[in-house]
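Here is the file query31.tsv (TSV, C-alpha atoms).
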```tsv
chain	number	residue	atom	x	y	z
A	1	MET	CA	18.40	43.53	-34.81
A	2	LYS	CA	15.75	45.59	-33.13
A	3	ALA	CA	13.30	44.02	-30.68
A	4	ILE	CA	9.72	45.32	-30.74
A	5	THR	CA	7.06	44.79	-28.09
A	6	LEU	CA	3.41	45.04	-29.11
A	7	ARG	CA	0.92	46.13	-26.47
A	8	ASN	CA	-2.87	46.00	-26.40
A	9	VAL	CA	-3.14	43.38	-29.15
A	10	PRO	CA	-6.87	42.76	-29.62
A	11	PRO	CA	-7.94	39.23	-28.66
A	12	ASP	CA	-9.22	38.42	-32.16
A	13	LEU	CA	-5.88	39.44	-33.69
A	14	ALA	CA	-3.94	37.45	-31.10
A	15	ALA	CA	-6.09	34.40	-31.85
A	16	ALA	CA	-5.59	34.81	-35.61
A	17	LEU	CA	-1.81	35.05	-35.14
A	18	GLU	CA	-1.88	31.94	-32.97
A	19	ARG	CA	-3.85	30.02	-35.62
A	20	GLU	CA	-1.49	31.17	-38.37
A	21	LYS	CA	1.57	30.20	-36.34
A	22	ARG	CA	0.18	26.69	-35.85
A	23	ARG	CA	-0.76	26.43	-39.54
A	24	ARG	CA	2.77	27.40	-40.57
A	25	GLY	CA	4.47	25.33	-37.86
A	26	GLN	CA	6.58	28.35	-36.90
A	27	SER	CA	7.18	30.39	-33.80
A	28	LEU	CA	4.93	33.37	-33.12
A	29	ASN	CA	7.91	35.68	-33.65
A	30	ARG	CA	8.78	34.19	-37.08
A	31	THR	CA	5.12	34.26	-38.14
A	32	ALA	CA	4.68	37.90	-37.13
A	33	ILE	CA	7.89	38.93	-38.92
A	34	ASP	CA	6.89	37.04	-42.08
A	35	LEU	CA	3.42	38.59	-42.09
A	36	LEU	CA	4.80	42.09	-41.53
A	37	LYS	CA	7.36	41.65	-44.33
A	38	GLN	CA	4.67	40.35	-46.69
A	39	SER	CA	2.16	43.10	-45.93
A	40	LEU	CA	4.77	45.85	-46.24
A	41	GLY	CA	6.48	44.42	-49.32
A	42	VAL	CA	9.85	44.11	-47.61
A	43	GLY	CA	12.23	41.51	-49.06
A	44	ALA	CA	9.71	40.31	-51.62
A	45	PRO	CA	7.03	41.93	-53.74
A	46	ARG	CA	3.73	42.54	-52.01
A	47	SER	CA	1.21	39.84	-52.77
A	48	ASN	CA	-2.46	39.31	-52.13
A	49	GLY	CA	-1.99	35.55	-52.48
A	50	LEU	CA	-3.82	35.26	-55.78
A	51	GLY	CA	-0.65	34.52	-57.74
A	52	ARG	CA	-0.43	31.14	-56.05
A	53	LEU	CA	-4.02	30.38	-57.00
A	54	ALA	CA	-3.82	31.72	-60.53
A	55	GLY	CA	-0.57	29.97	-61.29
A	56	GLY	CA	-1.58	26.65	-59.82
A	57	TRP	CA	-3.29	25.04	-62.80
A	58	SER	CA	-1.57	22.99	-65.45
A	59	ASP	CA	-2.06	23.95	-69.09
A	60	GLU	CA	-4.39	20.98	-69.57
A	61	ARG	CA	-6.47	21.96	-66.53
A	62	THR	CA	-6.76	25.51	-67.88
A	63	ARG	CA	-7.92	24.25	-71.29
A	64	GLU	CA	-10.45	21.95	-69.60
A	65	PHE	CA	-11.82	24.88	-67.59
A	66	GLU	CA	-12.05	27.10	-70.69
A	67	ARG	CA	-13.86	24.34	-72.61
A	68	ALA	CA	-16.34	24.00	-69.74
A	69	LEU	CA	-17.02	27.77	-69.80
A	70	ALA	CA	-17.30	28.10	-73.59
A	71	PRO	CA	-21.05	27.31	-73.81
A	72	PHE	CA	-21.81	30.24	-71.51
A	73	GLY	CA	-20.44	32.63	-74.14
A	74	GLU	CA	-22.74	31.36	-76.88
A	75	ILE	CA	-25.92	33.23	-77.74
A	76	ASP	CA	-29.08	31.18	-78.22
A	77	PRO	CA	-30.81	32.70	-81.26
A	78	GLU	CA	-34.17	31.33	-80.13
A	79	MET	CA	-34.04	33.44	-76.98
A	80	TRP	CA	-33.45	36.65	-78.96
A	81	LYS	CA	-36.45	36.46	-81.31
```

Translate the structure of the given file into structure tokens.
Amino acid sequence: MKAITLRNVPPDLAAALEREKRRRGQSLNRTAIDLLKQSLGVGAPRSNGLGRLAGGWSDERTREFERALAPFGEIDPEMWK
């Protein structure tokens, strides 16, 4: 495997990597490799993270949400006179 050294990493990027490493409970090296693989689509399809959000609701939760939104699609005839 190839070793890569990054120089002149901006402080805000270094801090963000440090936060992400702590959030994941991984080493900085593992976190950086995972983020690079994800952003470049290597080993897995590229993702913006929305699939996890969109696929997270149960069918019942989805129906409940759609029922709650339904009134917003109705036209009030009184307002259009």

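Between atom CA of Gln38 of chain A and atom CA of Val9 of chain A the separation is 19.4 Å.
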
Please list as a CSV table (one decimal) with C-alpha atoms, keeping the file's coordinate frame every residue within 12 Å of segment 19-34 of chain A, counting all atoms listed in the file and excluding residues in the same chain fewer than 5 positions away.
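As written to disk, result.csv reads:
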```csv
chain,number,residue,atom,x,y,z
A,2,LYS,CA,15.8,45.6,-33.1
A,3,ALA,CA,13.3,44.0,-30.7
A,4,ILE,CA,9.7,45.3,-30.7
A,5,THR,CA,7.1,44.8,-28.1
A,6,LEU,CA,3.4,45.0,-29.1
A,12,ASP,CA,-9.2,38.4,-32.2
A,13,LEU,CA,-5.9,39.4,-33.7
A,14,ALA,CA,-3.9,37.4,-31.1
A,39,SER,CA,2.2,43.1,-45.9
A,40,LEU,CA,4.8,45.8,-46.2
A,41,GLY,CA,6.5,44.4,-49.3
A,42,VAL,CA,9.8,44.1,-47.6
A,43,GLY,CA,12.2,41.5,-49.1
A,44,ALA,CA,9.7,40.3,-51.6
A,46,ARG,CA,3.7,42.5,-52.0
```

**Prompt:** Separation of atom CA of Leu17 of chain A and atom CA of Leu35 of chain A, in Å?
**Reply:** 9.4 Å

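Note that the spacing between atom CA of Ala15 of chain A and atom CA of Gly49 of chain A amounts to 21.1 Å.
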